[in-house]
Amino acid sequence: MSGRKSTKLSIQHLAVPDVSLVGILEQLEPAAPSRGRKIALILHGTMGHKDYLFQKGLAAKLPIDSFRFDFRGSHESGGKWRYDGFADDVEDIRTVVANLTQEYGYVVDLLVGHSRGSIAAMRWLCTSEEGKHVSGFVNVSGRYKMDRVLHGRPFHVNEHGYYDWKTTVARKEYVIRLTDDDLHRFASWDTSVVSKSFPPNVHVLTIHGMADKLVPPYDGVTYARIFGARTPGTHNLHLVEHADHNFSEHRDEVIDTILEWWAKREHGDVKTGLWHTGVYSKL
């Protein structure tokens, strides 16, 4: 693996001319032609970035080339980030895929999404021609019940009709102004499209933390019910005990699980069900 190479790319957006998306192309054999080679996309979540959480570590260990990037308005990418901008995220994926396929000749074969990145990946898989030919999708902490954000909110709109959300991304402080309209547009995003339009051949792995207070583990169970009913694509659900939404103390387990699942899928050894069914852990 000593031949691996990381290259920063700036991709001109197809839908927003003055915006560029910045990402890292990880290549196992940079000197070899890329045309026809398989590539994975690694997608971050809300207020994340391309090297956030497990993304960079996963890219360093995947047995295929990968590209991880900042969605618009995030970290190094231009444009405006919107709390309810799921459609923007899908457009960003389309721009990245067009560049990787047309300029490099890559074939997108795997998507790994965390939280919001999973939601965008699912919509792209359901609506794109390229998505029909993807082999695998990893859904980490993906939300299904979108309107839950309106109940038990982590923040409340003030008497002036907004809330200033203070957060930190890549050690930089940001203030994001949210309104009730932002929250309701977020809540109206339709995730049920996966039950009707998700490609039947794509194998799926869902990883969810059992201590996730942002997106309850039951959302992972819901996805298991939907994806597990397809054929020939399979679905595996891996629930990680004590893990929170960002897998703060369990990032190695996320990476190891993805790598093991992908290897089994490559050999045709995955079957729908709970991950590691029949494997007994120590009490």
# chains A, B, ... in the order shown; residues from 1 in each chain; ligands from 1
call {"tool": "select_by_dssp", "arguments": {"residues": "stretch 145-215 of chain A", "states": "strand (DSSP E)", "output": "PyMOL selection string"}}
result
chain A and resi 162-169+172-179+203-209
call {"tool": "write_last_selection", "arguments": {"atoms": "N, CA, C and O atoms", "output": "PDB file, in the first residue's frame"}}
result
ATOM      1  N   TYR A 162     -36.044  33.520  15.059  1.00  0.00           N
ATOM      2  CA  TYR A 162     -34.852  32.793  14.636  1.00  0.00           C
ATOM      3  C   TYR A 162     -34.084  32.278  15.846  1.00  0.00           C
ATOM      4  O   TYR A 162     -34.343  32.662  16.997  1.00  0.00           O
ATOM      5  N   TYR A 163     -33.133  31.396  15.544  1.00  0.00           N
ATOM      6  CA  TYR A 163     -32.209  30.882  16.560  1.00  0.00           C
ATOM      7  C   TYR A 163     -30.814  30.925  15.983  1.00  0.00           C
ATOM      8  O   TYR A 163     -30.584  30.488  14.837  1.00  0.00           O
ATOM      9  N   ASP A 164     -29.853  31.460  16.708  1.00  0.00           N
ATOM     10  CA  ASP A 164     -28.459  31.491  16.268  1.00  0.00           C
ATOM     11  C   ASP A 164     -27.728  30.272  16.828  1.00  0.00           C
ATOM     12  O   ASP A 164     -27.461  30.185  18.026  1.00  0.00           O
ATOM     13  N   TRP A 165     -27.443  29.351  15.933  1.00  0.00           N
ATOM     14  CA  TRP A 165     -26.788  28.099  16.300  1.00  0.00           C
ATOM     15  C   TRP A 165     -25.278  28.311  16.232  1.00  0.00           C
ATOM     16  O   TRP A 165     -24.714  28.535  15.164  1.00  0.00           O
ATOM     17  N   LYS A 166     -24.628  28.234  17.372  1.00  0.00           N
ATOM     18  CA  LYS A 166     -23.179  28.399  17.434  1.00  0.00           C
ATOM     19  C   LYS A 166     -22.517  27.026  17.417  1.00  0.00           C
ATOM     20  O   LYS A 166     -22.818  26.172  18.238  1.00  0.00           O
ATOM     21  N   THR A 167     -21.620  26.833  16.457  1.00  0.00           N
ATOM     22  CA  THR A 167     -20.986  25.532  16.317  1.00  0.00           C
ATOM     23  C   THR A 167     -19.553  25.711  15.840  1.00  0.00           C
ATOM     24  O   THR A 167     -19.136  26.807  15.450  1.00  0.00           O
ATOM     25  N   THR A 168     -18.794  24.619  15.852  1.00  0.00           N
ATOM     26  CA  THR A 168     -17.393  24.643  15.425  1.00  0.00           C
ATOM     27  C   THR A 168     -17.164  23.579  14.358  1.00  0.00           C
ATOM     28  O   THR A 168     -17.555  22.430  14.523  1.00  0.00           O
ATOM     29  N   VAL A 169     -16.551  23.986  13.263  1.00  0.00           N
ATOM     30  CA  VAL A 169     -16.224  23.068  12.172  1.00  0.00           C
ATOM     31  C   VAL A 169     -14.744  23.221  11.844  1.00  0.00           C
ATOM     32  O   VAL A 169     -14.290  24.327  11.520  1.00  0.00           O
ATOM     33  N   LYS A 172     -12.949  25.994  13.486  1.00  0.00           N
ATOM     34  CA  LYS A 172     -13.420  27.347  13.200  1.00  0.00           C
ATOM     35  C   LYS A 172     -14.836  27.503  13.748  1.00  0.00           C
ATOM     36  O   LYS A 172     -15.671  26.610  13.592  1.00  0.00           O
ATOM     37  N   GLU A 173     -15.098  28.644  14.378  1.00  0.00           N
ATOM     38  CA  GLU A 173     -16.411  28.880  14.958  1.00  0.00           C
ATOM     39  C   GLU A 173     -17.353  29.504  13.929  1.00  0.00           C
ATOM     40  O   GLU A 173     -16.954  30.375  13.154  1.00  0.00           O
ATOM     41  N   TYR A 174     -18.600  29.016  13.935  1.00  0.00           N
ATOM     42  CA  TYR A 174     -19.616  29.517  13.018  1.00  0.00           C
ATOM     43  C   TYR A 174     -20.886  29.830  13.805  1.00  0.00           C
ATOM     44  O   TYR A 174     -21.168  29.206  14.829  1.00  0.00           O
ATOM     45  N   VAL A 175     -21.660  30.781  13.276  1.00  0.00           N
ATOM     46  CA  VAL A 175     -22.989  31.060  13.800  1.00  0.00           C
ATOM     47  C   VAL A 175     -23.976  30.893  12.645  1.00  0.00           C
ATOM     48  O   VAL A 175     -23.905  31.617  11.638  1.00  0.00           O
ATOM     49  N   ILE A 176     -24.875  29.920  12.758  1.00  0.00           N
ATOM     50  CA  ILE A 176     -25.862  29.625  11.726  1.00  0.00           C
ATOM     51  C   ILE A 176     -27.224  30.099  12.205  1.00  0.00           C
ATOM     52  O   ILE A 176     -27.700  29.659  13.256  1.00  0.00           O
ATOM     53  N   ARG A 177     -27.857  31.000  11.468  1.00  0.00           N
ATOM     54  CA  ARG A 177     -29.178  31.501  11.856  1.00  0.00           C
ATOM     55  C   ARG A 177     -30.264  30.587  11.266  1.00  0.00           C
ATOM     56  O   ARG A 177     -30.354  30.398  10.045  1.00  0.00           O
ATOM     57  N   LEU A 178     -31.078  30.023  12.139  1.00  0.00           N
ATOM     58  CA  LEU A 178     -32.155  29.116  11.737  1.00  0.00           C
ATOM     59  C   LEU A 178     -33.504  29.731  12.049  1.00  0.00           C
ATOM     60  O   LEU A 178     -33.686  30.384  13.082  1.00  0.00           O
ATOM     61  N   THR A 179     -34.472  29.497  11.160  1.00  0.00           N
ATOM     62  CA  THR A 179     -35.838  29.964  11.371  1.00  0.00           C
ATOM     63  C   THR A 179     -36.790  28.773  11.430  1.00  0.00           C
ATOM     64  O   THR A 179     -36.411  27.632  11.116  1.00  0.00           O
ATOM     65  N   HIS A 203     -26.233  -3.599  -2.277  1.00  0.00           N
ATOM     66  CA  HIS A 203     -26.090  -4.169  -0.938  1.00  0.00           C
ATOM     67  C   HIS A 203     -25.896  -3.026   0.066  1.00  0.00           C
ATOM     68  O   HIS A 203     -25.149  -2.081  -0.199  1.00  0.00           O
ATOM     69  N   VAL A 204     -26.562  -3.122   1.217  1.00  0.00           N
ATOM     70  CA  VAL A 204     -26.557  -2.026   2.186  1.00  0.00           C
ATOM     71  C   VAL A 204     -26.104  -2.517   3.555  1.00  0.00           C
ATOM     72  O   VAL A 204     -26.501  -3.592   4.016  1.00  0.00           O
ATOM     73  N   LEU A 205     -25.280  -1.704   4.191  1.00  0.00           N
ATOM     74  CA  LEU A 205     -24.893  -1.906   5.586  1.00  0.00           C
ATOM     75  C   LEU A 205     -25.328  -0.675   6.365  1.00  0.00           C
ATOM     76  O   LEU A 205     -24.961   0.446   6.012  1.00  0.00           O
ATOM     77  N   THR A 206     -26.140  -0.866   7.401  1.00  0.00           N
ATOM     78  CA  THR A 206     -26.543   0.228   8.283  1.00  0.00           C
ATOM     79  C   THR A 206     -25.823   0.076   9.616  1.00  0.00           C
ATOM     80  O   THR A 206     -25.870  -0.995  10.230  1.00  0.00           O
ATOM     81  N   ILE A 207     -25.147   1.142  10.041  1.00  0.00           N
ATOM     82  CA  ILE A 207     -24.458   1.166  11.334  1.00  0.00           C
ATOM     83  C   ILE A 207     -25.077   2.280  12.166  1.00  0.00           C
ATOM     84  O   ILE A 207     -25.158   3.428  11.710  1.00  0.00           O
ATOM     85  N   HIS A 208     -25.517   1.944  13.373  1.00  0.00           N
ATOM     86  CA  HIS A 208     -26.167   2.956  14.208  1.00  0.00           C
ATOM     87  C   HIS A 208     -25.748   2.767  15.660  1.00  0.00           C
ATOM     88  O   HIS A 208     -25.660   1.642  16.155  1.00  0.00           O
ATOM     89  N   GLY A 209     -25.487   3.876  16.323  1.00  0.00           N
ATOM     90  CA  GLY A 209     -25.120   3.822  17.733  1.00  0.00           C
ATOM     91  C   GLY A 209     -26.342   3.675  18.617  1.00  0.00           C
ATOM     92  O   GLY A 209     -27.332   4.392  18.438  1.00  0.00           O
TER      93      GLY A 209
END
call {"tool": "closest_residue", "arguments": {"among": "A:His49, A:Arg72, A:Lys213, A:Arg4", "to": "A:Glu29", "atoms": "only C-alpha atoms"}}
result
A:Arg4
call {"tool": "residues_around", "arguments": {"residues": "stretch 51-62 of chain A", "least_positions_apart": "4", "cutoff": "9 Å", "atoms": "only C-alpha atoms", "output": "MDAnalysis selection string"}}
result
chainID A and resid 4 26 40 42:45 66:70 112 114 170 246:248 251:252 254:256 258:259 262
call {"tool": "closest_residue", "arguments": {"among": "A:Gly73, A:Gly105, A:Gly220, A:Gly79", "to": "A:Ile39", "atoms": "only C-alpha atoms"}}
result
A:Gly105
call {"tool": "select_by_dssp", "arguments": {"residues": "stretch 84-189 of chain A", "states": "helix (DSSP H, G or I)", "output": "MDAnalysis selection string"}}
result
chainID A and resid 86:102 116:127 130:133 146:150 180:187
call {"tool": "closest_residue", "arguments": {"among": "A:His235, A:Lys196, A:Arg35, A:Arg230", "to": "A:Cys126", "atoms": "only C-alpha atoms"}}
result
A:Lys196
call {"tool": "closest_residue", "arguments": {"among": "A:Pro63, A:Pro232, A:Pro33, A:Pro17", "to": "A:Thr95", "atoms": "only C-alpha atoms"}}
result
A:Pro17
call {"tool": "atom_distance", "arguments": {"atom1": "atom CA of A:Gly3", "atom2": "atom CA of A:Ile24"}}
result
15.9 Å
call {"tool": "closest_residue", "arguments": {"among": "A:Ile119, A:Leu214, A:Leu28, A:Ile11", "to": "A:Asp92", "atoms": "only C-alpha atoms"}}
result
A:Ile11
call {"tool": "residues_around", "arguments": {"residues": "A:Phe86", "least_positions_apart": "6", "cutoff": "8 Å", "atoms": "only C-alpha atoms", "output": "ChimeraX atom specification"}}
result
/A:116,119-120,189
call {"tool": "atom_distance", "arguments": {"atom1": "atom CA of A:Leu41", "atom2": "atom CA of A:Pro216"}}
result
25.0 Å
